[in-house]
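Heads up, upload-v9.cif below (mmCIF, C-alpha atoms):
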data_structure
#
loop_
_atom_site.label_atom_id
_atom_site.label_comp_id
_atom_site.auth_asym_id
_atom_site.auth_seq_id
_atom_site.Cartn_x
_atom_site.Cartn_y
_atom_site.Cartn_z
CA MET A 1 58.79 101.78 -173.76
CA MET A 2 59.39 101.70 -177.42
CA VAL A 3 62.35 100.10 -179.10
CA MET A 4 63.78 103.48 -180.00
CA THR A 5 64.50 104.51 -176.43
CA VAL A 6 64.76 101.09 -174.89
CA GLN A 7 67.68 99.70 -176.82
CA ALA A 8 70.72 101.39 -175.69
CA LEU A 9 73.04 100.35 -172.94
CA GLY A 10 76.23 98.48 -172.27
CA PRO A 11 79.42 98.87 -170.23
CA SER A 12 80.85 102.36 -170.00
CA SER A 13 83.54 104.32 -168.25
CA LEU A 14 80.85 106.62 -166.85
CA GLY A 15 80.47 106.40 -163.08
CA THR A 16 77.22 104.83 -161.87
CA CYS A 17 75.62 103.63 -158.65
CA GLY A 18 77.98 101.51 -156.61
CA ARG A 19 80.24 100.90 -159.59
CA ARG A 20 84.00 100.96 -159.41
CA GLU A 21 85.33 103.48 -161.94
CA SER A 22 88.61 104.96 -163.04
CA GLY A 23 89.57 108.30 -164.55
CA ASN A 24 90.88 111.58 -163.26
CA CYS A 25 87.59 113.41 -163.77
CA VAL A 26 85.72 110.96 -161.54
CA VAL A 27 88.40 111.12 -158.88
CA LYS A 28 88.25 114.92 -158.88
CA ALA A 29 84.48 114.81 -158.62
CA ALA A 30 84.78 112.41 -155.69
CA LEU A 31 87.21 114.63 -153.84
CA ALA A 32 85.09 117.71 -154.47
CA GLN A 33 81.98 115.97 -153.14
CA ARG A 34 83.49 114.11 -150.22
CA LYS A 35 82.35 116.60 -147.57
CA ALA A 36 79.20 117.72 -149.33
CA LEU A 37 75.91 118.17 -147.56
CA CYS A 38 73.43 117.92 -150.40
CA HIS A 39 70.03 119.54 -149.91
CA GLY A 40 67.35 117.70 -151.84
CA TYR A 41 63.63 117.55 -152.31
CA CYS A 42 62.09 114.19 -151.53
CA THR A 43 59.42 113.39 -154.07
CA ARG A 44 57.94 110.65 -151.93
CA TYR A 45 57.29 112.83 -148.87
CA LYS A 46 56.97 116.21 -150.63
CA SER A 47 59.17 117.96 -148.13
CA TYR A 48 62.67 119.29 -148.05
CA HIS A 49 65.39 117.36 -146.34
CA ALA A 50 69.13 117.49 -146.00
CA VAL A 51 70.93 114.24 -146.62
CA LYS A 52 74.44 114.00 -145.29
CA ASN A 53 76.81 112.15 -147.53
CA VAL A 54 74.11 111.82 -150.18
CA THR A 55 76.88 111.25 -152.67
CA GLU A 56 79.49 109.72 -150.39
CA ARG A 57 82.61 108.89 -152.32
CA ARG A 58 85.47 106.85 -150.96
CA LEU A 59 88.87 106.62 -152.60
CA ALA A 60 89.92 103.01 -152.95
CA SER A 61 93.39 101.65 -152.28
CA THR A 62 94.68 103.01 -155.58
CA ALA A 63 94.44 106.70 -156.38
CA THR A 64 92.76 106.07 -159.71
CA HIS A 65 89.60 104.34 -158.52
CA VAL A 66 86.48 105.57 -156.79
CA VAL A 67 83.60 103.67 -155.25
CA VAL A 68 80.38 105.65 -155.50
CA LYS A 69 77.73 105.14 -152.84
CA CYS A 70 74.45 107.02 -153.04
CA ALA A 71 71.47 107.73 -150.81
CA SER A 72 68.49 105.49 -151.38
CA SER A 73 66.04 108.32 -151.96
CA VAL A 74 65.93 110.47 -155.06
CA SER A 75 67.49 113.82 -154.25
CA SER A 76 69.22 116.71 -155.93
CA ALA A 77 72.83 116.66 -157.09
CA VAL A 78 73.48 120.29 -156.23
CA PRO A 79 76.99 120.34 -154.72
CA ASP A 80 76.92 123.88 -153.29
CA THR A 81 75.95 123.40 -149.64
CA ALA A 82 75.66 127.15 -149.03
CA GLN A 83 72.52 127.38 -151.14
CA SER A 84 69.33 127.75 -149.16
CA ARG A 85 66.38 125.45 -149.57
CA GLU A 86 64.49 128.25 -151.28
CA GLU A 87 67.30 128.71 -153.80
CA LEU A 88 67.36 124.98 -154.48
CA ALA A 89 63.60 125.06 -155.01
CA LEU A 90 64.09 127.80 -157.60
CA ILE A 91 66.74 125.81 -159.46
CA GLU A 92 64.54 122.72 -159.36
CA ALA A 93 61.63 124.71 -160.78
CA LEU A 94 63.78 126.04 -163.64
CA LEU A 95 64.96 122.61 -164.77
CA GLY A 96 63.13 121.49 -167.89
CA ILE A 97 61.79 124.94 -168.81
CA GLN A 98 62.78 125.87 -172.34
CA GLY A 99 63.43 129.25 -173.93
CA ARG A 100 64.05 130.81 -170.50
CA GLY A 101 60.33 130.68 -169.83
CA ARG A 102 59.05 130.85 -173.38
CA VAL A 103 58.12 127.16 -173.40
CA ALA A 104 56.76 126.05 -170.03
CA ALA A 105 53.69 124.33 -168.66
CA PRO A 106 51.45 126.30 -166.27
CA GLN A 107 52.59 124.08 -163.39
CA GLN A 108 56.22 124.92 -164.15
CA LEU A 109 55.54 128.65 -164.20
CA GLU A 110 53.61 128.38 -160.95
CA ALA A 111 56.52 126.55 -159.32
CA VAL A 112 58.94 129.25 -160.47
CA GLN A 113 56.67 132.00 -159.14
CA ARG A 114 56.34 130.26 -155.77
CA ALA A 115 60.11 130.01 -155.52
CA ILE A 116 60.53 133.69 -156.47
CA ASP A 117 57.95 134.74 -153.87
CA ALA A 118 59.65 132.63 -151.18
CA LEU A 119 63.09 134.10 -151.89
CA GLU A 120 61.84 137.68 -152.02
CA GLU A 121 60.00 137.14 -148.75
CA ALA A 122 62.98 135.48 -147.08
CA GLY A 123 65.29 138.26 -148.24
CA GLY A 124 68.89 138.03 -149.28
CA VAL A 125 71.59 140.70 -149.23
CA GLN A 126 69.98 143.72 -147.58
CA ASP A 127 71.36 146.41 -149.90
CA PRO A 128 72.00 144.58 -153.17
CA THR A 129 73.10 147.51 -155.35
CA LEU A 130 75.65 148.54 -152.70
CA SER A 131 77.09 145.03 -152.45
CA PRO A 132 80.11 143.92 -154.47
CA LEU A 133 78.24 140.62 -154.98
CA ILE A 134 76.00 142.22 -157.59
CA GLU A 135 78.92 143.04 -159.84
CA GLY A 136 80.27 140.79 -162.57
CA ARG A 137 78.76 138.62 -165.28
CA TRP A 138 75.36 137.01 -164.72
CA GLN A 139 73.72 134.43 -166.96
CA LEU A 140 70.02 134.86 -167.66
CA MET A 141 68.10 131.69 -166.80
CA PHE A 142 64.46 132.81 -166.91
CA THR A 143 62.34 135.82 -167.70
CA THR A 144 58.72 136.77 -168.08
CA ARG A 145 57.79 138.51 -171.32
CA PRO A 146 55.07 141.15 -171.20
CA GLY A 147 54.11 142.84 -174.45
CA THR A 148 56.35 145.80 -173.65
CA ALA A 149 59.53 143.68 -173.62
CA SER A 150 62.42 145.07 -175.63
CA PRO A 151 63.09 143.87 -179.22
CA ILE A 152 66.28 142.12 -178.08
CA GLN A 153 64.38 140.37 -175.33
CA ARG A 154 61.65 139.22 -177.70
CA THR A 155 64.10 138.14 -180.42
CA PHE A 156 66.98 136.40 -178.64
CA VAL A 157 66.02 135.55 -175.08
CA GLY A 158 63.52 132.83 -175.96
CA VAL A 159 66.01 130.88 -178.09
CA ASP A 160 68.09 128.40 -176.05
CA ALA A 161 70.79 128.25 -178.73
CA PHE A 162 71.80 131.76 -177.64
CA THR A 163 73.42 132.36 -174.26
CA VAL A 164 72.37 135.60 -172.61
CA PHE A 165 74.42 137.45 -170.00
CA GLN A 166 74.19 140.68 -168.05
CA GLU A 167 77.33 142.43 -166.84
CA ILE A 168 77.19 144.94 -163.98
CA GLU A 169 80.09 147.26 -163.19
CA LEU A 170 79.30 150.00 -160.68
CA THR A 171 82.33 150.49 -158.44
CA GLY A 172 85.98 151.20 -159.11
CA THR A 173 85.22 152.93 -162.40
CA THR A 174 84.43 156.42 -163.68
CA ASP A 175 82.05 154.91 -166.23
CA PRO A 176 79.61 152.57 -164.40
CA ARG A 177 77.75 150.30 -166.80
CA VAL A 178 75.12 147.63 -167.24
CA SER A 179 75.58 145.55 -170.40
CA ASN A 180 73.37 142.90 -171.98
CA ILE A 181 75.21 140.27 -174.03
CA VAL A 182 73.78 137.74 -176.46
CA ARG A 183 76.30 135.08 -177.47
CA ALA A 184 75.65 132.96 -180.54
CA SER A 185 78.60 130.63 -179.88
CA GLU A 186 82.27 130.73 -179.00
CA SER A 187 83.15 130.45 -182.68
CA ILE A 188 80.67 133.01 -184.06
CA GLY A 189 80.67 135.82 -181.52
CA GLU A 190 78.24 138.00 -179.61
CA LEU A 191 76.14 141.15 -179.52
CA LYS A 192 76.83 143.53 -176.64
CA VAL A 193 74.39 146.32 -175.77
CA GLU A 194 75.77 148.76 -173.20
CA ALA A 195 74.12 151.29 -170.92
CA ALA A 196 75.46 154.01 -168.66
CA ALA A 197 74.33 153.19 -165.12
CA THR A 198 73.82 154.92 -161.78
CA ARG A 199 72.56 153.74 -158.39
CA GLU A 200 69.28 155.37 -157.47
CA SER A 201 68.78 153.42 -154.25
CA ASN A 202 69.97 150.34 -152.41
CA LYS A 203 67.83 148.22 -154.76
CA ARG A 204 67.46 150.22 -157.99
CA ILE A 205 69.88 150.86 -160.84
CA LEU A 206 69.05 153.50 -163.44
CA PHE A 207 70.45 152.99 -166.93
CA ARG A 208 70.46 154.54 -170.39
CA PHE A 209 71.50 152.54 -173.44
CA ASP A 210 74.10 154.41 -175.45
CA LYS A 211 76.04 151.95 -177.62
CA ALA A 212 76.04 148.44 -179.03
CA ALA A 213 78.08 146.33 -181.42
CA PHE A 214 78.45 142.85 -182.87
CA ASP A 215 81.79 141.20 -182.07
CA PHE A 216 82.23 138.46 -184.66
CA LYS A 217 85.18 136.12 -184.15
CA PHE A 218 85.83 135.95 -187.88
CA LEU A 219 86.20 139.75 -188.25
CA PRO A 220 89.09 141.88 -186.94
CA PHE A 221 86.70 144.71 -186.05
CA LYS A 222 83.33 145.23 -184.35
CA VAL A 223 80.18 145.92 -186.34
CA PRO A 224 77.97 148.71 -184.90
CA TYR A 225 74.45 147.73 -183.94
CA PRO A 226 72.15 149.87 -186.12
CA VAL A 227 70.07 151.53 -183.41
CA PRO A 228 70.26 155.34 -182.91
CA PHE A 229 70.07 155.36 -179.11
CA LYS A 230 70.37 159.16 -178.92
CA LEU A 231 67.21 159.54 -181.00
CA LEU A 232 65.21 157.15 -178.85
CA GLY A 233 64.91 159.58 -175.96
CA ASP A 234 63.19 158.06 -172.94
CA GLU A 235 62.85 154.73 -174.78
CA ALA A 236 66.57 154.21 -174.23
CA LYS A 237 66.16 154.71 -170.47
CA GLY A 238 65.09 152.24 -167.82
CA TRP A 239 65.61 150.92 -164.34
CA LEU A 240 66.34 147.56 -162.76
CA ASP A 241 65.27 146.62 -159.24
CA THR A 242 67.06 143.74 -157.54
CA THR A 243 64.53 142.07 -155.28
CA TYR A 244 66.77 139.19 -154.22
CA LEU A 245 70.54 138.73 -154.17
CA SER A 246 71.80 135.53 -152.57
CA PRO A 247 74.34 135.85 -149.75
CA SER A 248 76.64 133.63 -151.81
CA GLY A 249 76.33 136.03 -154.75
CA THR A 250 75.25 133.27 -157.13
CA ILE A 251 71.52 133.96 -157.67
CA ARG A 252 69.79 137.25 -158.46
CA ILE A 253 66.15 138.13 -159.05
CA SER A 254 65.50 141.48 -160.70
CA ARG A 255 62.47 143.33 -162.07
CA GLY A 256 62.62 145.79 -164.94
CA ASN A 257 60.76 149.00 -165.68
CA LYS A 258 58.79 147.27 -168.46
CA GLY A 259 57.34 144.67 -166.12
CA SER A 260 59.65 141.72 -166.78
CA THR A 261 61.05 139.55 -164.01
CA PHE A 262 64.56 138.13 -164.48
CA ILE A 263 66.33 135.23 -162.79
CA LEU A 264 70.09 135.23 -163.23
CA GLN A 265 72.91 133.06 -161.94
CA LYS A 266 76.68 133.31 -161.77
CA ASN A 267 77.33 129.61 -161.25
CA LEU A 268 75.24 126.83 -162.78
CA ASP A 269 74.81 123.49 -161.09
CA PRO A 270 75.87 120.38 -163.10
CA ARG A 271 72.32 119.70 -164.26
CA GLN A 272 71.95 123.22 -165.61
CA GLN A 273 75.32 122.91 -167.30
CA LEU A 274 74.12 119.75 -169.04
CA LEU A 275 70.88 121.38 -170.21
CA GLN A 276 72.85 124.35 -171.52
CA ALA A 277 75.21 122.00 -173.37
CA VAL A 278 72.20 120.33 -174.98
CA ALA A 279 70.69 123.70 -175.97
CA THR A 280 73.91 124.91 -177.57
CA GLY A 281 74.97 121.52 -178.93
CA THR A 282 78.42 121.67 -177.36
CA ASN A 283 80.21 119.26 -175.02
CA VAL A 284 77.07 117.28 -174.20
CA GLU A 285 78.91 114.01 -173.58
CA LYS A 286 81.35 115.74 -171.23
CA ALA A 287 78.51 117.32 -169.25
CA ILE A 288 76.79 113.93 -169.04
CA GLU A 289 79.96 112.33 -167.71
CA VAL A 290 80.21 114.94 -164.95
CA LEU A 291 76.58 114.58 -163.92
CA VAL A 292 76.62 110.78 -163.96
CA SER A 293 79.56 110.85 -161.55
CA LEU A 294 77.28 112.73 -159.14
CA ASN A 295 74.32 110.34 -159.36
CA PRO A 296 72.46 110.68 -156.02
CA THR A 297 70.25 107.61 -156.41
CA LYS A 298 71.34 104.17 -155.27
CA ASP A 299 68.47 102.14 -156.74
CA CYS A 300 67.87 103.75 -160.12
CA THR A 301 65.31 101.11 -161.15
CA ASP A 302 63.03 101.68 -158.15
CA ILE A 303 59.62 102.76 -159.44
CA GLY A 304 59.40 105.32 -156.64
CA GLY A 305 61.88 107.46 -158.55
CA LEU A 306 60.90 106.44 -162.07
CA LYS A 307 57.10 106.56 -162.01
CA GLY A 308 55.63 109.29 -164.17
CA GLN A 309 56.08 110.90 -167.56
CA TRP A 310 59.51 111.79 -168.94
CA ARG A 311 60.11 113.94 -172.03
CA LEU A 312 63.11 113.17 -174.23
CA LEU A 313 65.42 116.19 -174.45
CA TRP A 314 68.44 114.70 -176.19
CA ASN A 315 69.79 111.42 -177.48
CA SER A 316 72.76 110.08 -179.38
CA GLN A 317 71.92 107.14 -181.58
CA ALA A 318 74.32 104.26 -181.99
CA GLU A 319 75.32 103.23 -185.50
CA ASN A 320 73.32 100.00 -185.19
CA ALA A 321 70.14 101.68 -183.94
CA ASN A 322 67.03 100.69 -185.90
CA TRP A 323 65.25 102.96 -188.37
CA ILE A 324 62.52 103.89 -185.88
CA GLN A 325 65.08 105.11 -183.35
CA LYS A 326 66.97 107.14 -185.92
CA SER A 327 63.86 108.67 -187.48
CA SER A 328 62.49 109.82 -184.11
CA VAL A 329 65.53 111.88 -183.07
CA LYS A 330 63.90 115.23 -183.88
CA LEU A 331 60.36 114.26 -182.88
CA LYS A 332 58.51 114.81 -179.62
CA ASN A 333 59.09 111.70 -177.55
CA TRP A 334 57.92 110.67 -174.09
CA GLN A 335 58.59 107.72 -171.82
CA ILE A 336 55.88 106.84 -169.30
CA TYR A 337 56.49 104.55 -166.30
CA TYR A 338 53.28 103.15 -164.80
CA ASP A 339 54.60 100.64 -162.29
CA ASN A 340 57.47 98.21 -161.73
CA THR A 341 56.56 96.08 -164.73
CA ARG A 342 55.02 98.37 -167.36
CA LEU A 343 56.04 101.38 -169.39
CA GLU A 344 55.22 103.08 -172.67
CA ASN A 345 57.01 105.14 -175.27
CA LEU A 346 55.01 107.80 -177.08
CA VAL A 347 56.24 109.51 -180.24
CA GLU A 348 54.38 112.40 -181.87
CA PHE A 349 55.00 112.69 -185.61
CA LEU A 350 52.41 115.43 -186.18
CA PRO A 351 49.61 116.89 -184.04
CA GLY A 352 47.13 114.05 -183.72
CA LEU A 353 49.47 111.44 -185.23
CA LYS A 354 51.30 109.37 -182.63
CA LEU A 355 53.03 106.03 -182.22
CA ARG A 356 52.58 104.34 -178.86
CA ALA A 357 54.61 101.26 -177.87
CA GLY A 358 54.16 99.22 -174.72
CA ALA A 359 56.78 97.16 -172.92
CA SER A 360 57.20 95.00 -169.86
CA THR A 361 60.17 95.67 -167.59
CA LEU A 362 62.09 93.76 -164.96
CA ALA A 363 64.77 95.21 -162.70
CA ALA A 364 67.93 93.16 -163.23
CA SER A 365 70.01 95.29 -160.85
CA GLU A 366 69.99 98.69 -159.18
CA GLU A 367 70.74 100.32 -162.52
CA ARG A 368 69.66 97.88 -165.22
CA GLN A 369 66.17 97.14 -166.50
CA ASP A 370 65.42 94.28 -168.85
CA VAL A 371 62.83 95.44 -171.38
CA LYS A 372 60.55 93.47 -173.68
CA ILE A 373 58.58 95.41 -176.28
CA GLU A 374 55.18 93.77 -176.66
CA GLY A 375 53.51 95.73 -179.44
CA ALA A 376 52.56 99.18 -180.62
CA SER A 377 49.77 101.17 -182.22
CA LEU A 378 49.65 104.10 -184.61
CA GLU A 379 47.14 106.66 -183.36
CA LEU A 380 45.37 109.07 -185.67
CA GLY A 381 42.90 110.93 -183.52
CA SER A 382 40.66 108.24 -182.04
CA LEU A 383 41.72 105.67 -184.67
CA ARG A 384 44.11 102.95 -183.46
CA ILE A 385 46.08 100.88 -185.98
CA PRO A 386 48.14 97.95 -184.55
CA VAL A 387 51.82 97.96 -185.51
CA ASN A 388 54.02 94.87 -185.25
CA ILE A 389 56.94 96.16 -183.19
CA THR A 390 58.59 93.71 -180.81
CA GLY A 391 62.01 93.18 -179.34
CA GLU A 392 64.04 92.62 -176.22
CA GLY A 393 66.91 94.53 -174.68
CA TYR A 394 67.96 96.37 -171.58
CA VAL A 395 68.48 99.92 -170.43
CA ASP A 396 71.00 101.12 -167.83
CA ILE A 397 69.90 104.15 -165.82
CA LEU A 398 73.11 106.07 -165.15
CA TYR A 399 71.63 109.11 -163.40
CA LEU A 400 68.28 109.74 -161.74
CA ASP A 401 66.83 112.50 -159.61
CA GLN A 402 63.36 114.00 -159.38
CA LYS A 403 63.88 116.05 -162.56
CA LEU A 404 66.43 114.38 -164.86
CA LYS A 405 67.15 110.86 -166.06
CA ILE A 406 70.17 109.72 -168.10
CA SER A 407 70.15 106.24 -169.56
CA ARG A 408 71.98 104.12 -172.10
CA GLY A 409 70.48 101.24 -174.08
CA ASN A 410 72.04 97.91 -174.96
CA LYS A 411 73.00 99.19 -178.43
CA GLY A 412 74.94 102.11 -176.97
CA SER A 413 72.50 104.97 -177.55
CA MET A 414 72.34 107.64 -174.82
CA PHE A 415 69.16 109.36 -173.67
CA LEU A 416 68.43 112.41 -171.53
CA HIS A 417 64.88 112.79 -170.20
CA VAL A 418 63.26 115.48 -168.07
CA ARG A 419 60.27 114.72 -165.86
CA GLU A 420 56.97 116.34 -166.76
CA GLU A 421 54.23 116.93 -164.20
#
Written as structure tokens, how would this file's structure read?
Amino acid sequence: MMVMTVQALGPSSLGTCGRRESGNCVVKAALAQRKALCHGYCTRYKSYHAVKNVTERRLASTATHVVVKCASSVSSAVPDTAQSREELALIEALLGIQGRGRVAAPQQLEAVQRAIDALEEAGGVQDPTLSPLIEGRWQLMFTTRPGTASPIQRTFVGVDAFTVFQEIELTGTTDPRVSNIVRASESIGELKVEAAATRESNKRILFRFDKAAFDFKFLPFKVPYPVPFKLLGDEAKGWLDTTYLSPSGTIRISRGNKGSTFILQKNLDPRQQLLQAVATGTNVEKAIEVLVSLNPTKDCTDIGGLKGQWRLLWNSQAENANWIQKSSVKLKNWQIYYDNTRLENLVEFLPGLKLRAGASTLAASEERQDVKIEGASLELGSLRIPVNITGEGYVDILYLDQKLKISRGNKGSMFLHVREE
């Protein structure tokens, strides 16, 4: 591992494995998780399992302290025990995909498709369009994009900085509607495109777009969206089939008349909330604090959970971070664990131009790794140029599951990594 992601950790108020912590937010998380049955996917055995008390939390003698005990295997921190294994597999597959499917490796897309197929085969609510569970606001998490996708879909959906919702209102109204909403931010506003809707069957909703407007927070009025829906004819019409609606009403899979598949959720798990915070650049530290309090892994330095390639998604550099760390914030950056004693950091400056640094590691505790950087090389194609980069430090791994890793270096910098296949 290179100095830029190695140097970063020290004491913190964030809850970690087996550590005694204080703070109302941690206490609340402990109480909420006390009776949880967390379904996880064991990366060592490649099979699903349910781990009782995977994040067992016990209130200490004072009401302001919590002792966190975690299962020894790496498992998921999904607190909703009503979710099926197939739903969990879908959420796991979505983690790390960017642009709601726009940026994804073939293996990631295959995993999503397998999860979709499994849910559609298993079946959810029998008559989804007749169920009250389909109504309300849904957040778009993933979509396929055939060439016939709508302009809004092509323009906004693939950008993580925008949050995309779909609202369905079919019952209790004389004007049933399906609305697509693209939110720039809480401070800027949103675009809402509305359609008149009717149920055609127990799975299909027919719709016709008829109005749209920008609602900017800094204006006292709405700005009409300049599309003449009445002149579009059949182009303004469409249908939406719901092929899976979860019995809990939290996950929906739908297919549109233009060939797109959509995955939507009403409630995001803490990991998804963190990734959304990173994408929008809001409340990242708060989302990290929540997720760290739910760390499901007792021994975070065990190579069984760490081995593999991790891509850097986000980091906050400490004031005393070195120039290499600070200059690499916006660059592609990977961390590769080979075994218990060896790792690498790989930074890509340009296609074909990379900096690779090697380090030796030693587990000092269940969450801390001592790290010694032993050299680096600048790679230009097949050319290797040695670079004199050395140093020693430590890294505390605050959260680890099979998909996400949160760590802090001895200089105070925070890092969020996602595992890559």
Checklist line | From A:Val347, A:Leu331, A:Ala161, A:Ile336, residue lying nearest Ala279 in chain A [all atoms listed in the file] | finding: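 Of the candidates, the smallest distance to Ala279 in chain A is held by A:Ala161.
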Next item on the list: To verify the selection step, state as a ChimeraX atom specification which residues the PyMOL selection byres ((chain A and resi 97) around 12) yields on this input.
Entry: /A:90-96,98-112,141-143,158-160,272,275-276,279,311,313,403,418-421
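Of note, CA of Ser248 in chain A and CA of Gly124 in chain A are spaced 9.3 Å apart.
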Margin query: Under the rule that all atoms listed in the file are counted, which of A:His417, A:Lys298, A:Arg208, A:Arg408 is the nearest residue to Glu366 in chain A?
Written below: A:Lys298
Margin query: Could you tell me how far CA of Thr297 in chain A sits from CA of Ala359 in chain A, in Å to one decimal place?
Written below: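 Between CA of Ala359 in chain A and CA of Thr297 in chain A the gap works out to 23.7 Å.
Going from CA of Lys203 in chain A to CA of Phe165 in chain A covers 19.8 Å.
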Next item on the list: Considering all atoms listed in the file, state which residue in the set A:Asn410, A:Gln402, A:Gln317, A:Thr243 is at the smallest distance from Ile303 in chain A.
Entry: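 Counting all atoms listed in the file, the residue closest to Ile303 in chain A is A:Gln402.
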Checklist line | Matched chain/residue IDs from the PyMOL selection byres ((chain A and resi 144) around 6), as a list in words | finding: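 With the shown file as input, the PyMOL selection byres ((chain A and resi 144) around 6) matches Thr143, Arg145, Ser260 and Thr261 of chain A.
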Just to be explicit: take each residue in the selection above, keep C-alpha atoms, and write the result as a PDB file, keeping the file's coordinate frame.
ATOM      1  CA  THR A 143      62.340 135.820-167.700  1.00  0.00           C
ATOM      2  CA  ARG A 145      57.790 138.510-171.320  1.00  0.00           C
ATOM      3  CA  SER A 260      59.650 141.720-166.780  1.00  0.00           C
ATOM      4  CA  THR A 261      61.050 139.550-164.010  1.00  0.00           C
TER       5      THR A 261
END
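The residues caught by the PyMOL selection byres ((chain A and resi 337) around 6) in this file are A:Lys307, A:Gly308, A:Ile336, A:Tyr338, A:Asp339, A:Leu343.
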Next item on the list: Extract, using all atoms listed in the file, all DNA, RNA and protein residues at most 9 Å from Ser365 in chain A, discarding same-chain residues fewer than 5 positions from it, and format them as a list in words.
Entry: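 Residues near the query, excluding close chain neighbours: Asp299, Cys300 and Thr301 of chain A.
Using all atoms listed in the file, the residues found no farther than 8 Å from Phe209 in chain A, other than those of its own chain fewer than 5 positions away, are Val193, Glu194, Ala195, Ala196, Phe229, Ala236 and Lys237 of chain A.
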Would you export the selected residues with C-alpha atoms as a JSON list (two decimals), in the coordinates of the input, please?
[["chain", "number", "residue", "atom", "x", "y", "z"],
["A", 193, "VAL", "CA", 74.39, 146.32, -175.77],
["A", 194, "GLU", "CA", 75.77, 148.76, -173.20],
["A", 195, "ALA", "CA", 74.12, 151.29, -170.92],
["A", 196, "ALA", "CA", 75.46, 154.01, -168.66],
["A", 229, "PHE", "CA", 70.07, 155.36, -179.11],
["A", 236, "ALA", "CA", 66.57, 154.21, -174.23],
["A", 237, "LYS", "CA", 66.16, 154.71, -170.47]]
Take every atom of range 217-224 of chain A listed in the file, pad by 6 Å on each side, and give me the axis-aligned box centre and edge lengths in Å, one decimal, as AutoDock Vina command-line options.
--center_x 83.5 --center_y 142.3 --center_z -186.2 --size_x 23.1 --size_y 24.8 --size_z 16.1
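Proximity of A:Ile181, A:Ile205, A:Ile116, A:Ala197 to Leu130 in chain A, computed with all atoms listed in the file, is greatest for A:Ile205.
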Check: Which one is closest to Gln273 in chain A: A:Asp175, A:Ser187, A:Asn257, A:Val290? Count only C-alpha atoms.
Finding: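 Of A:Asp175, A:Ser187, A:Asn257, A:Val290, the one nearest Gln273 in chain A is A:Val290, counting only C-alpha atoms.
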Check: In terms of the shortest atom-to-atom distance over all atoms listed in the file, which of A:Ile134, A:Leu362, A:Leu306, A:Val371 is closest to Gly249 in chain A?
Finding: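 Closest to Gly249 in chain A of all the choices is A:Ile134.
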Note to self: What's around Leu398 in chain A at 7 Å? Count only C-alpha atoms, leave out sequence neighbours fewer than 5 positions away in its own chain, and write the answer as a PyMOL selection string.
What the structure shows: chain A and resi 16+292+367+406-407
